[in-house]
Amino acid sequence: MAKQKFYVVWEGFELGIYNSWEECKKYIANYPNAKYKSFKSLTEAKDAFNMGYFGYKKQEGKINPAFLNEIDFNSIAVDAACSGNPGKMEYQGVVTKTKQVLFKKGPFLNGTNNVGEFLALVHALALVKEKKYDISIYSDSKIAISWVKQKKCKTKLKPNAQNEKLFNLIQRAELWLKQNQFSTPILKWETKKWGEIPADFGRK
């Protein structure tokens, strides 16, 4: 079951915080330049709504300076974005310190955020091994990290004609995990403390 998300609408037919994408969509569909975003907790959503759109965008992605010494900046950060569930999905990996994009894949049709997070992690692991980097990898997804450790993408997404390419990538990723040894540390990005992961797409 997907975790509860909260949706802030800064500009739309009706402003506020909504408990579901279906409710949020009613107030942004066909609204010119609607401004909205999903959050993982009600506290985050309230803080963002109270800042206003431009206030939030100004600080979005900035790491809380109080926790800079906790972060391993010799690392790659990965993230995924998905419009709908399932929906159009893409993923990327960046240099944690500079946000330089190392890879960006997609969009893929009929995917999920968890699948994207999993593929991003495996892509980063393969890159680190190929380039012989001595660095860590950050992900903000506990689910994706657990799937990688189990060497299995345990998605409930069903294969179909639209996502055939995506499932081919999943099979390749699983095969890579089974055939390759790696010692790269996979670390959990603590979003509540540090802010959005540097690889965040900055949108739904």
# chains A, B, ... in the order shown; residues from 1 in each chain; ligands from 1
call {"tool": "residues_around", "arguments": {"residues": "region 116-129 of chain A", "least_positions_apart": "6", "cutoff": "6 Å", "atoms": "only C-alpha atoms", "output": "ChimeraX atom specification"}}
result
/A:78-80,91,144
call {"tool": "write_last_selection", "arguments": {"atoms": "N, CA, C and O atoms", "output": "PDB file, in the first residue's frame"}}
result
ATOM      1  N   VAL A  78      20.741   9.839  -5.747  1.00  0.00           N
ATOM      2  CA  VAL A  78      19.810   9.413  -6.797  1.00  0.00           C
ATOM      3  C   VAL A  78      18.374   9.692  -6.368  1.00  0.00           C
ATOM      4  O   VAL A  78      18.065   9.759  -5.174  1.00  0.00           O
ATOM      5  N   ASP A  79      17.506   9.841  -7.363  1.00  0.00           N
ATOM      6  CA  ASP A  79      16.089  10.043  -7.069  1.00  0.00           C
ATOM      7  C   ASP A  79      15.274   9.728  -8.323  1.00  0.00           C
ATOM      8  O   ASP A  79      15.817   9.626  -9.423  1.00  0.00           O
ATOM      9  N   ALA A  80      13.977   9.588  -8.125  1.00  0.00           N
ATOM     10  CA  ALA A  80      13.057   9.338  -9.233  1.00  0.00           C
ATOM     11  C   ALA A  80      11.854  10.254  -9.106  1.00  0.00           C
ATOM     12  O   ALA A  80      11.566  10.781  -8.022  1.00  0.00           O
ATOM     13  N   TYR A  91      14.288   8.887 -13.807  1.00  0.00           N
ATOM     14  CA  TYR A  91      15.198   8.869 -12.655  1.00  0.00           C
ATOM     15  C   TYR A  91      16.534   9.484 -13.035  1.00  0.00           C
ATOM     16  O   TYR A  91      16.862   9.603 -14.223  1.00  0.00           O
ATOM     17  N   ALA A 144      13.542   1.122  -2.009  1.00  0.00           N
ATOM     18  CA  ALA A 144      14.520   0.844  -3.062  1.00  0.00           C
ATOM     19  C   ALA A 144      15.810   0.277  -2.483  1.00  0.00           C
ATOM     20  O   ALA A 144      16.403  -0.649  -3.045  1.00  0.00           O
TER      21      ALA A 144
END
call {"tool": "select_by_dssp", "arguments": {"residues": "region 50-176 of chain A", "states": "helix (DSSP H, G or I)", "output": "PyMOL selection string"}}
result
chain A and resi 50-51+53-59+65-70+113-131+142-150+164-176
call {"tool": "closest_residue", "arguments": {"among": "A:Phe167, A:Phe182, A:Tyr53, A:Trp21", "to": "Phe108 (chain A)", "atoms": "only C-alpha atoms"}}
result
A:Phe167
call {"tool": "select_by_dssp", "arguments": {"residues": "region 33-198 of chain A", "states": "strand (DSSP E or B)", "output": "ChimeraX atom specification"}}
result
/A:35-39,75-84,87-95,101-111,136-139,186-188
call {"tool": "residues_around", "arguments": {"residues": "Asp72 (chain A)", "least_positions_apart": "6", "cutoff": "10 Å", "atoms": "only C-alpha atoms", "output": "list in words"}}
result
Thr96, Lys97, Ile135, Ser136, Ile137, Tyr138 and Leu187 of chain A
call {"tool": "closest_residue", "arguments": {"among": "A:Ser139, A:Gly16, A:Asn33, A:Thr184", "to": "Gly52 (chain A)", "atoms": "only C-alpha atoms"}}
result
A:Gly16
call {"tool": "atom_distance", "arguments": {"atom1": "CA of Ile143 (chain A)", "atom2": "CA of Thr155 (chain A)"}}
result
9.9 Å
call {"tool": "closest_residue", "arguments": {"among": "A:Tyr7, A:Phe103, A:Trp194, A:Phe67", "to": "Glu90 (chain A)", "atoms": "only C-alpha atoms"}}
result
A:Phe103
call {"tool": "closest_residue", "arguments": {"among": "A:Val115, A:Tyr36, A:Ser41, A:Lys3", "to": "Lys156 (chain A)", "atoms": "only C-alpha atoms"}}
result
A:Val115
call {"tool": "atom_distance", "arguments": {"atom1": "CA of Lys132 (chain A)", "atom2": "CA of Thr191 (chain A)"}}
result
28.0 Å
call {"tool": "atom_distance", "arguments": {"atom1": "CA of Ser20 (chain A)", "atom2": "CA of Gly84 (chain A)"}}
result
11.5 Å
call {"tool": "closest_residue", "arguments": {"among": "A:Ile63, A:Val148, A:Leu166, A:Leu68", "to": "Gly111 (chain A)", "atoms": "only C-alpha atoms"}}
result
A:Leu166
call {"tool": "residues_around", "arguments": {"residues": "region 104-107 of chain A", "least_positions_apart": "3", "cutoff": "8 Å", "atoms": "only C-alpha atoms", "output": "list in words"}}
result
Lys88, Met89, Glu90, Tyr91, Gln92, Gly93 and Val101 of chain A
call {"tool": "closest_residue", "arguments": {"among": "A:Val9, A:Ala66, A:Leu15, A:Ala29", "to": "Gly195 (chain A)", "atoms": "only C-alpha atoms"}}
result
A:Ala66
call {"tool": "residues_around", "arguments": {"residues": "region 112-114 of chain A", "least_positions_apart": "6", "cutoff": "6 Å", "atoms": "only C-alpha atoms", "output": "ChimeraX atom specification"}}
result
/A:80-82,85-86
call {"tool": "residues_around", "arguments": {"residues": "Asp140 (chain A)", "least_positions_apart": "5", "cutoff": "7 Å", "atoms": "only C-alpha atoms", "output": "PyMOL selection string"}}
result
chain A and resi 188-191+197
call {"tool": "residues_around", "arguments": {"residues": "Lys26 (chain A)", "least_positions_apart": "3", "cutoff": "10 Å", "atoms": "only C-alpha atoms", "output": "PyMOL selection string"}}
result
chain A and resi 12-14+21-23+29-31
call {"tool": "write_last_selection", "arguments": {"atoms": "N, CA and C atoms", "output": "mmCIF file, in the first residue's frame"}}
result
data_model
loop_
_atom_site.group_PDB
_atom_site.id
_atom_site.type_symbol
_atom_site.label_atom_id
_atom_site.label_comp_id
_atom_site.auth_asym_id
_atom_site.auth_seq_id
_atom_site.Cartn_x
_atom_site.Cartn_y
_atom_site.Cartn_z
ATOM 1 N N GLY A 12 -4.020 27.782 -7.862
ATOM 2 C CA GLY A 12 -4.970 26.897 -8.498
ATOM 3 C C GLY A 12 -6.367 27.455 -8.299
ATOM 4 N N PHE A 13 -7.369 26.658 -8.594
ATOM 5 C CA PHE A 13 -8.750 27.122 -8.426
ATOM 6 C C PHE A 13 -9.095 27.291 -6.944
ATOM 7 N N GLU A 14 -8.453 26.502 -6.093
ATOM 8 C CA GLU A 14 -8.648 26.642 -4.647
ATOM 9 C C GLU A 14 -7.342 26.276 -3.963
ATOM 10 N N TRP A 21 -4.133 12.807 -4.303
ATOM 11 C CA TRP A 21 -3.854 13.372 -5.619
ATOM 12 C C TRP A 21 -5.154 13.659 -6.355
ATOM 13 N N GLU A 22 -6.166 12.813 -6.177
ATOM 14 C CA GLU A 22 -7.445 13.008 -6.849
ATOM 15 C C GLU A 22 -8.074 14.345 -6.428
ATOM 16 N N GLU A 23 -7.999 14.645 -5.138
ATOM 17 C CA GLU A 23 -8.572 15.891 -4.639
ATOM 18 C C GLU A 23 -7.770 17.086 -5.140
ATOM 19 N N ALA A 29 -6.213 21.094 -12.417
ATOM 20 C CA ALA A 29 -6.443 20.690 -13.808
ATOM 21 C C ALA A 29 -6.974 21.879 -14.615
ATOM 22 N N ASN A 30 -6.329 22.153 -15.727
ATOM 23 C CA ASN A 30 -6.706 23.240 -16.643
ATOM 24 C C ASN A 30 -6.523 24.633 -16.056
ATOM 25 N N TYR A 31 -5.803 24.721 -14.905
ATOM 26 C CA TYR A 31 -5.502 26.050 -14.357
ATOM 27 C C TYR A 31 -4.151 26.486 -14.925
#
